[in-house]
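Shown below: work34.txt, with compact mmCIF, C-alpha atoms and all ligand atoms.
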```
# COMPACT_ATOMS: atom_id res chain seq x y z
CA MET W 1 18.03 -27.89 -28.83
CA LYS W 2 17.20 -24.23 -28.22
CA ILE W 3 14.48 -23.92 -25.63
CA LEU W 4 12.40 -20.87 -24.75
CA ILE W 5 11.71 -20.89 -21.01
CA THR W 6 8.83 -18.65 -19.96
CA GLY W 7 9.00 -17.80 -16.25
CA GLY W 8 12.56 -19.12 -16.21
CA ALA W 9 13.64 -16.73 -13.44
CA GLY W 10 11.23 -18.31 -10.95
CA TYR W 11 11.71 -21.09 -8.41
CA ILE W 12 11.18 -24.13 -10.64
CA GLY W 13 12.35 -22.30 -13.77
CA THR W 14 15.84 -21.53 -12.44
CA HIS W 15 16.41 -25.11 -11.35
CA THR W 16 15.22 -26.35 -14.75
CA CYS W 17 17.51 -23.88 -16.55
CA VAL W 18 20.46 -25.41 -14.66
CA GLU W 19 19.53 -28.97 -15.66
CA LEU W 20 18.84 -28.01 -19.30
CA LEU W 21 22.23 -26.29 -19.55
CA ASN W 22 23.89 -29.28 -17.87
CA ALA W 23 22.22 -31.53 -20.47
CA GLY W 24 23.76 -29.41 -23.26
CA HIS W 25 20.69 -27.45 -24.40
CA ASP W 26 20.65 -23.74 -25.27
CA ILE W 27 18.11 -21.64 -23.44
CA LEU W 28 16.43 -18.27 -23.76
CA VAL W 29 14.46 -17.03 -20.76
CA LEU W 30 11.41 -14.78 -21.01
CA ASP W 31 10.25 -13.34 -17.69
CA ASN W 32 8.54 -10.14 -16.57
CA PHE W 33 10.06 -10.52 -13.06
CA SER W 34 6.63 -10.08 -11.47
CA ASN W 35 7.55 -12.78 -8.94
CA SER W 36 11.31 -13.13 -9.35
CA LYS W 37 14.55 -11.22 -9.63
CA PRO W 38 17.20 -11.02 -12.37
CA GLU W 39 19.75 -12.03 -9.71
CA ALA W 40 18.31 -15.56 -9.79
CA LEU W 41 19.41 -15.98 -13.41
CA GLU W 42 22.86 -14.57 -12.64
CA ARG W 43 23.17 -17.36 -10.12
CA VAL W 44 22.13 -19.91 -12.74
CA GLY W 45 25.01 -18.55 -14.81
CA GLU W 46 27.33 -18.89 -11.83
CA ILE W 47 26.34 -22.52 -11.21
CA THR W 48 26.64 -23.59 -14.85
CA GLY W 49 29.41 -21.27 -16.03
CA LYS W 50 27.19 -20.38 -18.96
CA PHE W 51 25.74 -17.12 -20.25
CA ILE W 52 21.95 -16.91 -19.91
CA GLU W 53 20.08 -15.08 -22.64
CA VAL W 54 17.20 -13.19 -20.99
CA CYS W 55 14.31 -11.18 -22.39
CA GLU W 56 12.43 -9.08 -19.83
CA ALA W 57 8.89 -9.05 -21.17
CA ASP W 58 5.36 -10.09 -20.39
CA LEU W 59 3.93 -13.23 -21.94
CA GLN W 60 1.21 -11.10 -23.46
CA ASP W 61 3.63 -8.78 -25.22
CA ARG W 62 2.92 -10.37 -28.58
CA ALA W 63 5.37 -8.19 -30.53
CA THR W 64 8.27 -9.23 -28.31
CA LEU W 65 7.25 -12.89 -28.43
CA GLU W 66 7.11 -12.70 -32.21
CA SER W 67 10.56 -11.14 -32.39
CA ILE W 68 11.93 -13.94 -30.20
CA PHE W 69 10.57 -16.61 -32.56
CA TYR W 70 11.58 -14.61 -35.65
CA GLN W 71 15.17 -14.11 -34.49
CA ASN W 72 15.81 -17.53 -32.94
CA GLU W 73 15.49 -21.13 -34.06
CA ILE W 74 13.38 -22.20 -31.09
CA ASP W 75 12.80 -25.97 -30.97
CA ALA W 76 10.51 -26.12 -27.95
CA VAL W 77 8.98 -24.08 -25.13
CA ILE W 78 8.85 -24.89 -21.44
CA HIS W 79 6.08 -22.74 -20.06
CA PHE W 80 6.40 -21.88 -16.35
CA ALA W 81 5.17 -18.27 -16.46
CA GLY W 82 2.09 -17.95 -14.30
CA LEU W 83 0.74 -16.61 -11.05
CA LYS W 84 0.38 -19.24 -8.33
CA ALA W 85 -1.00 -17.79 -5.08
CA VAL W 86 -4.25 -19.62 -4.32
CA GLY W 87 -5.58 -16.99 -1.87
CA GLU W 88 -4.88 -14.09 -4.22
CA SER W 89 -6.59 -15.97 -7.05
CA VAL W 90 -9.80 -16.10 -4.99
CA GLU W 91 -9.65 -12.33 -4.44
CA LYS W 92 -8.54 -11.44 -7.98
CA PRO W 93 -9.75 -14.20 -10.31
CA LEU W 94 -9.62 -12.03 -13.44
CA LYS W 95 -5.95 -11.28 -12.81
CA TYR W 96 -5.31 -15.04 -12.80
CA TYR W 97 -7.38 -15.80 -15.88
CA HIS W 98 -5.78 -12.87 -17.71
CA ASN W 99 -2.20 -13.73 -16.79
CA ASN W 100 -2.33 -17.51 -16.84
CA VAL W 101 -5.01 -18.36 -19.40
CA ALA W 102 -4.80 -15.42 -21.83
CA GLY W 103 -0.99 -15.45 -21.55
CA THR W 104 -0.89 -19.11 -22.57
CA VAL W 105 -3.24 -18.48 -25.50
CA THR W 106 -0.99 -15.68 -26.75
CA LEU W 107 2.07 -17.90 -26.41
CA CYS W 108 0.43 -20.76 -28.32
CA GLU W 109 -0.78 -18.45 -31.09
CA VAL W 110 2.74 -17.17 -31.65
CA MET W 111 4.21 -20.68 -31.44
CA ASP W 112 1.70 -21.86 -34.02
CA LYS W 113 2.52 -18.96 -36.34
CA TYR W 114 6.23 -19.81 -36.21
CA ASN W 115 5.65 -23.58 -36.51
CA VAL W 116 7.03 -24.36 -33.07
CA ARG W 117 4.62 -26.87 -31.56
CA ASN W 118 6.62 -28.61 -28.84
CA LEU W 119 5.40 -27.50 -25.43
CA VAL W 120 6.01 -28.56 -21.83
CA PHE W 121 3.41 -27.00 -19.53
CA SER W 122 3.52 -26.50 -15.75
CA SER W 123 0.27 -27.95 -14.50
CA SER W 124 -0.40 -28.95 -10.92
CA ALA W 125 -1.81 -31.74 -8.78
CA THR W 126 -4.44 -29.15 -7.87
CA VAL W 127 -6.34 -30.30 -11.02
CA TYR W 128 -7.33 -33.47 -9.09
CA GLY W 129 -9.57 -31.21 -6.97
CA GLU W 130 -11.08 -32.78 -3.88
CA ASN W 131 -10.47 -36.32 -5.04
CA ASN W 132 -9.63 -38.73 -2.27
CA LEU W 133 -8.59 -41.74 -4.32
CA VAL W 134 -4.88 -41.66 -3.46
CA PRO W 135 -2.51 -42.34 -5.11
CA PHE W 136 -3.72 -40.05 -7.91
CA THR W 137 -3.47 -41.46 -11.43
CA GLU W 138 -3.52 -39.21 -14.48
CA ASP W 139 -6.90 -40.54 -15.67
CA LEU W 140 -8.89 -39.46 -12.59
CA PRO W 141 -11.73 -36.96 -13.17
CA LEU W 142 -10.43 -33.41 -12.85
CA SER W 143 -11.91 -30.40 -11.06
CA ALA W 144 -10.92 -27.14 -9.45
CA THR W 145 -11.56 -25.64 -6.04
CA ASN W 146 -10.22 -22.12 -6.68
CA PRO W 147 -9.46 -19.80 -9.64
CA TYR W 148 -5.74 -20.68 -9.64
CA GLY W 149 -6.56 -24.37 -10.00
CA ARG W 150 -9.25 -23.60 -12.56
CA SER W 151 -6.74 -21.62 -14.64
CA LYS W 152 -4.55 -24.76 -14.80
CA LEU W 153 -7.55 -26.92 -15.68
CA ILE W 154 -8.70 -24.53 -18.41
CA ILE W 155 -5.19 -24.37 -19.88
CA GLU W 156 -4.96 -28.17 -19.93
CA GLU W 157 -8.25 -28.24 -21.87
CA ILE W 158 -7.14 -25.49 -24.26
CA LEU W 159 -3.96 -27.43 -24.96
CA ARG W 160 -5.93 -30.65 -25.55
CA ASP W 161 -8.16 -28.87 -28.08
CA THR W 162 -5.13 -27.31 -29.74
CA ALA W 163 -3.30 -30.63 -29.99
CA ALA W 164 -6.46 -32.28 -31.37
CA SER W 165 -6.71 -29.63 -34.10
CA ASN W 166 -3.21 -30.23 -35.49
CA SER W 167 -1.25 -33.44 -35.05
CA ASN W 168 2.03 -31.52 -35.23
CA TRP W 169 1.52 -30.31 -31.68
CA SER W 170 3.37 -32.25 -29.01
CA VAL W 171 2.54 -31.35 -25.44
CA ALA W 172 3.45 -32.61 -21.97
CA LEU W 173 1.17 -31.51 -19.15
CA LEU W 174 3.33 -31.91 -16.06
CA ARG W 175 1.27 -32.15 -12.91
CA TYR W 176 3.61 -31.20 -10.09
CA PHE W 177 2.89 -32.41 -6.60
CA ASN W 178 4.59 -30.30 -3.87
CA PRO W 179 7.92 -28.90 -5.09
CA VAL W 180 10.37 -28.11 -2.27
CA GLY W 181 14.11 -27.99 -1.66
CA ALA W 182 16.89 -26.13 -3.42
CA HIS W 183 19.97 -26.62 -5.56
CA ASN W 184 22.83 -28.15 -3.57
CA SER W 185 25.04 -25.11 -4.26
CA GLY W 186 22.78 -23.02 -2.00
CA LEU W 187 22.77 -20.37 -4.74
CA ILE W 188 19.20 -20.81 -5.98
CA GLY W 189 16.03 -21.70 -4.11
CA GLU W 190 12.48 -20.61 -3.33
CA ASP W 191 12.22 -16.90 -2.50
CA PRO W 192 8.60 -16.25 -1.50
CA SER W 193 7.52 -12.63 -1.18
CA GLY W 194 5.87 -11.85 2.16
CA VAL W 195 4.73 -14.53 4.57
CA PRO W 196 4.87 -17.93 2.82
CA ASN W 197 1.61 -19.81 2.23
CA ASN W 198 3.22 -23.19 1.73
CA LEU W 199 4.48 -25.48 4.46
CA MET W 200 8.18 -25.94 3.67
CA PRO W 201 9.12 -22.25 3.28
CA TYR W 202 7.04 -21.49 6.39
CA ILE W 203 8.91 -24.09 8.48
CA SER W 204 12.20 -22.82 7.12
CA GLN W 205 11.42 -19.23 8.14
CA VAL W 206 10.39 -20.38 11.62
CA ALA W 207 13.70 -22.27 11.90
CA VAL W 208 15.72 -19.21 10.92
CA GLY W 209 13.77 -17.02 13.39
CA LYS W 210 11.88 -14.88 10.88
CA LEU W 211 8.52 -16.28 12.01
CA PRO W 212 7.64 -17.21 15.61
CA GLU W 213 5.89 -20.55 15.17
CA LEU W 214 4.21 -22.86 12.71
CA GLN W 215 0.47 -23.36 12.75
CA VAL W 216 -0.39 -26.94 11.84
CA PHE W 217 -3.67 -26.75 9.95
CA GLY W 218 -5.67 -29.59 11.50
CA ASP W 219 -4.69 -32.76 13.39
CA ASP W 220 -7.98 -34.59 12.92
CA TYR W 221 -7.61 -35.78 9.33
CA PRO W 222 -7.98 -39.51 8.68
CA THR W 223 -4.20 -39.88 8.23
CA ARG W 224 -1.54 -41.74 10.25
CA ASP W 225 -0.95 -38.81 12.66
CA GLY W 226 -4.02 -36.71 11.90
CA THR W 227 -2.14 -34.04 9.90
CA GLY W 228 -2.31 -33.48 6.14
CA VAL W 229 -0.28 -35.77 3.89
CA ARG W 230 1.43 -34.48 0.72
CA ASP W 231 3.88 -35.73 -1.89
CA TYR W 232 6.88 -33.40 -1.50
CA ILE W 233 9.25 -33.57 -4.44
CA HIS W 234 12.77 -32.14 -4.62
CA VAL W 235 12.89 -29.29 -7.13
CA VAL W 236 16.02 -30.76 -8.75
CA ASP W 237 14.17 -34.04 -9.41
CA LEU W 238 11.32 -31.96 -10.82
CA ALA W 239 13.74 -30.05 -13.06
CA LEU W 240 15.17 -33.33 -14.38
CA GLY W 241 11.59 -34.44 -15.13
CA HIS W 242 11.32 -31.45 -17.49
CA VAL W 243 14.46 -32.46 -19.36
CA ARG W 244 13.05 -35.97 -19.82
CA ALA W 245 9.61 -34.65 -20.87
CA LEU W 246 11.25 -32.37 -23.43
CA GLU W 247 13.21 -35.24 -24.93
CA LYS W 248 10.01 -37.28 -25.05
CA ILE W 249 7.81 -34.70 -26.81
CA VAL W 250 10.26 -34.03 -29.59
CA THR W 251 10.24 -37.70 -30.54
CA ASP W 252 6.64 -38.81 -29.76
CA ARG W 253 3.87 -36.42 -30.82
CA GLY W 254 0.50 -35.93 -29.12
CA ILE W 255 -0.55 -34.69 -25.70
CA GLU W 256 -0.03 -36.51 -22.41
CA ALA W 257 -0.33 -35.63 -18.73
CA TYR W 258 2.31 -36.88 -16.29
CA ASN W 259 2.37 -36.80 -12.51
CA LEU W 260 5.69 -35.55 -11.18
CA GLY W 261 5.90 -36.64 -7.57
CA THR W 262 7.73 -39.25 -5.52
CA GLY W 263 4.70 -41.48 -5.01
CA ARG W 264 5.17 -41.23 -1.25
CA GLY W 265 3.13 -39.17 1.21
CA CYS W 266 4.63 -37.25 4.14
CA SER W 267 2.56 -35.70 6.94
CA VAL W 268 2.99 -32.17 8.31
CA LEU W 269 4.45 -33.52 11.55
CA GLU W 270 6.81 -35.86 9.69
CA LEU W 271 8.11 -32.92 7.65
CA VAL W 272 8.60 -30.87 10.83
CA LYS W 273 10.60 -33.73 12.36
CA SER W 274 12.83 -34.09 9.29
CA PHE W 275 13.43 -30.35 9.20
CA GLU W 276 14.37 -30.33 12.88
CA ALA W 277 16.97 -33.01 12.14
CA ALA W 278 18.30 -31.03 9.17
CA CYS W 279 18.65 -27.72 11.01
CA GLY W 280 19.44 -29.00 14.50
CA LYS W 281 16.72 -26.81 16.04
CA THR W 282 13.26 -27.32 17.48
CA ILE W 283 10.45 -25.95 15.33
CA PRO W 284 7.79 -24.50 17.64
CA PHE W 285 4.28 -25.26 16.40
CA LYS W 286 0.67 -25.23 17.54
CA ILE W 287 -2.32 -27.09 16.22
CA ALA W 288 -4.79 -24.77 14.49
CA ASP W 289 -8.06 -25.23 12.59
CA ARG W 290 -8.08 -26.92 9.21
CA ARG W 291 -7.37 -24.57 6.29
CA ALA W 292 -10.35 -24.13 3.97
CA GLY W 293 -9.96 -26.09 0.75
CA ASP W 294 -7.33 -28.53 2.07
CA ILE W 295 -7.69 -32.25 1.49
CA ALA W 296 -6.42 -34.97 3.85
CA GLU W 297 -4.05 -36.76 1.50
CA CYS W 298 -2.51 -36.04 -1.87
CA TYR W 299 0.19 -38.18 -3.42
CA ALA W 300 1.02 -39.33 -6.90
CA ASP W 301 0.90 -42.59 -8.75
CA VAL W 302 4.14 -42.11 -10.72
CA THR W 303 3.93 -45.26 -12.84
CA LYS W 304 3.25 -43.35 -16.07
CA ALA W 305 6.17 -40.91 -15.75
CA GLU W 306 8.50 -43.75 -14.81
CA ARG W 307 7.37 -45.88 -17.74
CA ASP W 308 7.02 -43.25 -20.49
CA LEU W 309 9.62 -40.66 -19.48
CA GLY W 310 12.13 -43.01 -17.87
CA TRP W 311 12.16 -40.60 -14.95
CA LYS W 312 12.00 -41.26 -11.23
CA ALA W 313 12.49 -38.97 -8.25
CA THR W 314 15.64 -39.87 -6.35
CA PHE W 315 15.88 -37.39 -3.48
CA GLY W 316 14.24 -38.12 -0.13
CA ILE W 317 12.64 -35.86 2.47
CA ASP W 318 15.94 -35.45 4.34
CA ASP W 319 17.66 -34.09 1.19
CA MET W 320 14.71 -31.75 0.64
CA CYS W 321 14.99 -30.37 4.19
CA MET W 322 18.79 -30.10 4.18
CA SER W 323 18.92 -28.25 0.87
CA THR W 324 16.11 -25.91 1.96
CA TRP W 325 18.01 -25.15 5.15
CA LYS W 326 21.25 -24.50 3.28
CA TRP W 327 19.47 -22.09 0.92
CA GLN W 328 17.70 -20.39 3.85
CA THR W 329 20.83 -19.88 5.94
CA LEU W 330 22.99 -18.70 3.02
CA ASN W 331 20.25 -16.37 1.77
CA PRO W 332 18.25 -15.20 4.81
CA THR W 333 16.66 -12.42 2.75
CA GLY W 334 16.38 -14.41 -0.47
CA TYR W 335 17.94 -12.88 -3.56
CA GLU W 336 18.33 -9.52 -1.84
CA VAL W 337 21.85 -10.37 -0.68
CA THR W 338 24.53 -9.89 -3.25
CA LYS W 339 26.18 -13.07 -4.38
CA LYS W 340 29.52 -11.73 -3.12
CA GLU W 341 28.26 -12.24 0.42
CA ILE W 342 27.80 -15.94 -0.21
CA THR W 343 30.48 -18.47 0.50
CA VAL W 344 29.71 -22.03 -0.48
P1 LIG D 1 7.44 -18.61 -9.60
O1 LIG D 1 6.46 -17.54 -9.30
O2 LIG D 1 8.68 -18.70 -8.79
O3 LIG D 1 7.87 -18.52 -11.14
C1 LIG D 1 6.98 -18.06 -12.14
C2 LIG D 1 7.75 -17.07 -13.00
O4 LIG D 1 6.89 -16.60 -14.04
C3 LIG D 1 8.22 -15.84 -12.21
O5 LIG D 1 9.59 -15.61 -12.49
C4 LIG D 1 7.33 -14.70 -12.73
O6 LIG D 1 8.01 -13.46 -12.70
C5 LIG D 1 7.04 -15.18 -14.15
N1 LIG D 1 5.79 -14.69 -14.73
C6 LIG D 1 4.54 -14.74 -14.20
N2 LIG D 1 3.66 -14.20 -15.06
C7 LIG D 1 4.36 -13.81 -16.16
C8 LIG D 1 4.01 -13.19 -17.38
N3 LIG D 1 2.74 -12.84 -17.66
N4 LIG D 1 4.97 -12.93 -18.28
C9 LIG D 1 6.26 -13.26 -18.03
N5 LIG D 1 6.65 -13.85 -16.88
C10 LIG D 1 5.72 -14.13 -15.95
O7 LIG D 1 6.64 -20.00 -9.56
P2 LIG D 1 7.19 -21.49 -9.58
O8 LIG D 1 7.00 -22.06 -8.24
O9 LIG D 1 8.52 -21.54 -10.21
O10 LIG D 1 6.10 -22.15 -10.52
C11 LIG D 1 6.29 -22.25 -11.93
C12 LIG D 1 5.01 -22.78 -12.55
O11 LIG D 1 4.69 -24.02 -11.94
C13 LIG D 1 3.79 -21.88 -12.35
O12 LIG D 1 3.02 -21.91 -13.54
C14 LIG D 1 3.05 -22.55 -11.21
O13 LIG D 1 1.67 -22.31 -11.28
C15 LIG D 1 3.36 -24.01 -11.46
N6 LIG D 1 3.28 -24.82 -10.23
C16 LIG D 1 4.01 -24.47 -9.15
C17 LIG D 1 3.92 -25.21 -7.99
C18 LIG D 1 4.70 -24.83 -6.76
O14 LIG D 1 4.38 -25.31 -5.67
N7 LIG D 1 5.74 -24.03 -6.84
C19 LIG D 1 3.07 -26.33 -7.93
C20 LIG D 1 2.35 -26.67 -9.08
C21 LIG D 1 2.46 -25.91 -10.23
C1 LIG D 2 -1.03 -25.68 -1.87
C2 LIG D 2 -2.12 -25.06 -2.71
C3 LIG D 2 -2.20 -25.82 -4.03
C4 LIG D 2 -0.85 -25.84 -4.73
C5 LIG D 2 0.18 -26.46 -3.78
C6 LIG D 2 1.59 -26.50 -4.35
C7 LIG D 2 -3.77 -24.18 -1.11
C8 LIG D 2 -5.14 -24.36 -0.54
N1 LIG D 2 -3.39 -25.13 -1.99
O1 LIG D 2 -1.39 -26.99 -1.61
O2 LIG D 2 -3.15 -25.23 -4.90
O3 LIG D 2 -0.92 -26.60 -5.92
O4 LIG D 2 0.21 -25.69 -2.58
O5 LIG D 2 2.08 -25.20 -4.48
O6 LIG D 2 -3.07 -23.21 -0.83
N2 LIG D 2 0.17 -26.53 6.28
C9 LIG D 2 0.21 -26.23 7.62
N3 LIG D 2 0.65 -25.02 8.01
C10 LIG D 2 1.07 -24.06 7.12
C11 LIG D 2 1.04 -24.37 5.74
C12 LIG D 2 0.57 -25.60 5.35
O7 LIG D 2 -0.15 -27.06 8.45
O8 LIG D 2 1.45 -22.96 7.54
C13 LIG D 2 -0.27 -27.87 5.84
C14 LIG D 2 -1.46 -27.87 4.91
O9 LIG D 2 -2.64 -27.93 5.61
C15 LIG D 2 -1.17 -29.15 4.09
C16 LIG D 2 0.35 -29.22 4.05
O10 LIG D 2 0.81 -28.43 5.13
O11 LIG D 2 -1.66 -30.27 4.76
C17 LIG D 2 0.96 -28.69 2.76
O12 LIG D 2 0.47 -27.37 2.53
P1 LIG D 2 1.02 -26.49 1.31
O13 LIG D 2 2.49 -26.48 1.33
O14 LIG D 2 0.31 -25.18 1.35
O15 LIG D 2 0.59 -27.31 0.00
P2 LIG D 2 -0.86 -27.87 -0.45
O16 LIG D 2 -1.84 -27.80 0.64
O17 LIG D 2 -0.61 -29.21 -1.02
```
Would you kindly transcribe this structure into structure tokens?
Ligand code: NAD
Ligand code: UD1
Amino acid sequence: MKILITGGAGYIGTHTCVELLNAGHDILVLDNFSNSKPEALERVGEITGKFIEVCEADLQDRATLESIFYQNEIDAVIHFAGLKAVGESVEKPLKYYHNNVAGTVTLCEVMDKYNVRNLVFSSSATVYGENNLVPFTEDLPLSATNPYGRSKLIIEEILRDTAASNSNWSVALLRYFNPVGAHNSGLIGEDPSGVPNNLMPYISQVAVGKLPELQVFGDDYPTRDGTGVRDYIHVVDLALGHVRALEKIVTDRGIEAYNLGTGRGCSVLELVKSFEAACGKTIPFKIADRRAGDIAECYADVTKAERDLGWKATFGIDDMCMSTWKWQTLNPTGYEVTKKEITV
């Protein structure tokens, strides 16, 4: 199949490009590089030995989108393109609604016009809001606690309305839990700009000496060690989940949400311990106040994805930490190093 990948130069997009190419699909990446670098796609080419067709454009550049669908026999779209910084979304909600929501509407309009109605969408476990009924099943009531999360929720609803209006639409709403880790080549990984907001890249930058210490946001949650529990999932497992979802939507029509997680929770302190084992260093940390908006526990019920997609996460926390550390040490400044400096 020929797949259009929006946001394919990003963290999850690059890993998914690798797995799609490995599975024998053709891909075309559309990215405006607002949060990524072209170098990332060169590395995808290096890993797979394949040429990556790239179109540098914004999702809302309708003329370019139309020319892509006009000139190519696109079978399906995997839609990663979106802004994802929770804090920034609180400060600039319109930027998030414009980019994420309006961008998705433009994409779907063009898909509809060119009769391409197979779509895999990057949703998030954030749509479960402040629910505390772990493990989260797909049928829980949904809500949002910030504009980023609300943009995902609104898009899910737009896609449900769209699928209800025309039975030719086939949509998978993939609700990611906490994607971490990197490809085992050490060539691609997460390259956050500025100080990371998320736990794993923060720990990794403390380990490499870029940041002095980790602040653990709260040790008084009702969890086994008092720190927040999350369902960390290896990005390669997540990428393989997209390949399975794609194969599913082209055979069974309709719209379905799937949790992509491991089904297992890991606390902040447990992740620190695993990372220390992976990197052979001590991670200095101090206990700080809870972070506003955080919940105690968040992990997936993965029964539906296992049953309907035939997909199951296989990597454990140790693999996630070791691959993150390999990526971090080989690429201390992310994609800024030239690939010639890398020896794997
Ligand atoms: P990322 O920022 O690394 O990748 C997103 C890509 O989309 C980037 O390459 C960026 O340049 C591109 N992009 C953004 N807006 C665009 C636009 N208007 N036009 C064209 N390209 C655009 O993020 P990621 O971690 O790979 O996440 C991918 C998707 O998964 C996002 O939609 C994100 O909200 C969602 N998601 C991510 C996580 C996570 O923890 N990483 C968790 C849940 C959901
Ligand atoms: C965050 C986002 C969420 C997004 C998810 C995956 C917020 C409020 N939520 O959630 O919308 O879907 O990432 O991208 O930003 N922690 C620390 N110290 C740190 C960083 C984090 O102790 O420096 C703790 C947090 O309190 C939490 C856990 O580590 O218990 C994981 O945090 P993080 O990686 O930011 O993910 P989420 O909180 O799940």
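Here atom CA of W:Asp318 is placed at a distance of 7.5 Å from atom CA of W:Phe275.
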What does the list of residues within 6 Å of ligand LIG 2 (chain D) look like if you count all atoms listed in the file, written as an mmCIF file with C-alpha atoms, in the coordinates of the input?
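Below is the file selection07.cif, written as the result:
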```cif
data_model
loop_
_atom_site.group_PDB
_atom_site.id
_atom_site.type_symbol
_atom_site.label_atom_id
_atom_site.label_comp_id
_atom_site.auth_asym_id
_atom_site.auth_seq_id
_atom_site.Cartn_x
_atom_site.Cartn_y
_atom_site.Cartn_z
ATOM 1 C CA VAL W 86 -4.250 -19.620 -4.320
ATOM 2 C CA SER W 124 -0.400 -28.950 -10.920
ATOM 3 C CA ALA W 125 -1.810 -31.740 -8.780
ATOM 4 C CA THR W 126 -4.440 -29.150 -7.870
ATOM 5 C CA ASN W 178 4.590 -30.300 -3.870
ATOM 6 C CA ASN W 197 1.610 -19.810 2.230
ATOM 7 C CA ASN W 198 3.220 -23.190 1.730
ATOM 8 C CA LEU W 199 4.480 -25.480 4.460
ATOM 9 C CA TYR W 202 7.040 -21.490 6.390
ATOM 10 C CA LEU W 214 4.210 -22.860 12.710
ATOM 11 C CA GLN W 215 0.470 -23.360 12.750
ATOM 12 C CA VAL W 216 -0.390 -26.940 11.840
ATOM 13 C CA PHE W 217 -3.670 -26.750 9.950
ATOM 14 C CA GLY W 228 -2.310 -33.480 6.140
ATOM 15 C CA VAL W 229 -0.280 -35.770 3.890
ATOM 16 C CA ARG W 230 1.430 -34.480 0.720
ATOM 17 C CA VAL W 268 2.990 -32.170 8.310
ATOM 18 C CA ARG W 291 -7.370 -24.570 6.290
ATOM 19 C CA GLY W 293 -9.960 -26.090 0.750
ATOM 20 C CA ASP W 294 -7.330 -28.530 2.070
#
```
Any idea what the distance is between atom CA of W:Thr6 and atom CA of W:Ile203? 29.0 Å
Could you please extract the residues within 7 Å of ligand LIG 1 (chain D), counting all atoms listed in the file, and hand them back as a PDB file with C-alpha atoms, in the frame of the given file?
```pdb
ATOM      1  CA  THR W   6       8.830 -18.650 -19.960  1.00  0.00           C
ATOM      2  CA  GLY W   7       9.000 -17.800 -16.250  1.00  0.00           C
ATOM      3  CA  GLY W   8      12.560 -19.120 -16.210  1.00  0.00           C
ATOM      4  CA  ALA W   9      13.640 -16.730 -13.440  1.00  0.00           C
ATOM      5  CA  GLY W  10      11.230 -18.310 -10.950  1.00  0.00           C
ATOM      6  CA  TYR W  11      11.710 -21.090  -8.410  1.00  0.00           C
ATOM      7  CA  ILE W  12      11.180 -24.130 -10.640  1.00  0.00           C
ATOM      8  CA  GLY W  13      12.350 -22.300 -13.770  1.00  0.00           C
ATOM      9  CA  LEU W  30      11.410 -14.780 -21.010  1.00  0.00           C
ATOM     10  CA  ASP W  31      10.250 -13.340 -17.690  1.00  0.00           C
ATOM     11  CA  ASN W  32       8.540 -10.140 -16.570  1.00  0.00           C
ATOM     12  CA  PHE W  33      10.060 -10.520 -13.060  1.00  0.00           C
ATOM     13  CA  SER W  34       6.630 -10.080 -11.470  1.00  0.00           C
ATOM     14  CA  ASN W  35       7.550 -12.780  -8.940  1.00  0.00           C
ATOM     15  CA  SER W  36      11.310 -13.130  -9.350  1.00  0.00           C
ATOM     16  CA  ALA W  57       8.890  -9.050 -21.170  1.00  0.00           C
ATOM     17  CA  ASP W  58       5.360 -10.090 -20.390  1.00  0.00           C
ATOM     18  CA  LEU W  59       3.930 -13.230 -21.940  1.00  0.00           C
ATOM     19  CA  GLN W  60       1.210 -11.100 -23.460  1.00  0.00           C
ATOM     20  CA  PHE W  80       6.400 -21.880 -16.350  1.00  0.00           C
ATOM     21  CA  ALA W  81       5.170 -18.270 -16.460  1.00  0.00           C
ATOM     22  CA  GLY W  82       2.090 -17.950 -14.300  1.00  0.00           C
ATOM     23  CA  LEU W  83       0.740 -16.610 -11.050  1.00  0.00           C
ATOM     24  CA  LYS W  84       0.380 -19.240  -8.330  1.00  0.00           C
ATOM     25  CA  ASN W  99      -2.200 -13.730 -16.790  1.00  0.00           C
ATOM     26  CA  ASN W 100      -2.330 -17.510 -16.840  1.00  0.00           C
ATOM     27  CA  GLY W 103      -0.990 -15.450 -21.550  1.00  0.00           C
ATOM     28  CA  SER W 122       3.520 -26.500 -15.750  1.00  0.00           C
ATOM     29  CA  SER W 123       0.270 -27.950 -14.500  1.00  0.00           C
ATOM     30  CA  SER W 124      -0.400 -28.950 -10.920  1.00  0.00           C
ATOM     31  CA  ALA W 125      -1.810 -31.740  -8.780  1.00  0.00           C
ATOM     32  CA  ARG W 175       1.270 -32.150 -12.910  1.00  0.00           C
ATOM     33  CA  TYR W 176       3.610 -31.200 -10.090  1.00  0.00           C
ATOM     34  CA  PHE W 177       2.890 -32.410  -6.600  1.00  0.00           C
ATOM     35  CA  ASN W 178       4.590 -30.300  -3.870  1.00  0.00           C
ATOM     36  CA  PRO W 179       7.920 -28.900  -5.090  1.00  0.00           C
ATOM     37  CA  GLU W 190      12.480 -20.610  -3.330  1.00  0.00           C
TER      38      GLU W 190
END
```
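Straight-line separation from atom CA of W:Ala63 to atom CA of W:Leu153: 27.2 Å.
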Stretch 54-108 of chain W near stretch 167-171 of chain W within 12 Å: what's each residue's closest atom pair and its distance in Å to one decimal, counting all atoms listed in the file, ordered by chain then ascending residue number, as CSV?
```
residue,atom,partner,partner_atom,distance
W:Asp75,CA,W:Ser170,CA,11.5
W:Ala76,CA,W:Ser170,CA,9.5
W:Val77,CA,W:Val171,CA,9.7
W:Ile78,CA,W:Val171,CA,9.9
W:His79,CA,W:Val171,CA,10.8
W:Cys108,CA,W:Trp169,CA,10.2
```
Pick the closest to W:Leu240 from W:Gly254, W:Pro201, W:Gly226, W:Gly310: which is it, counting only C-alpha atoms?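 Of the candidates, the smallest distance to W:Leu240 is held by W:Gly310.
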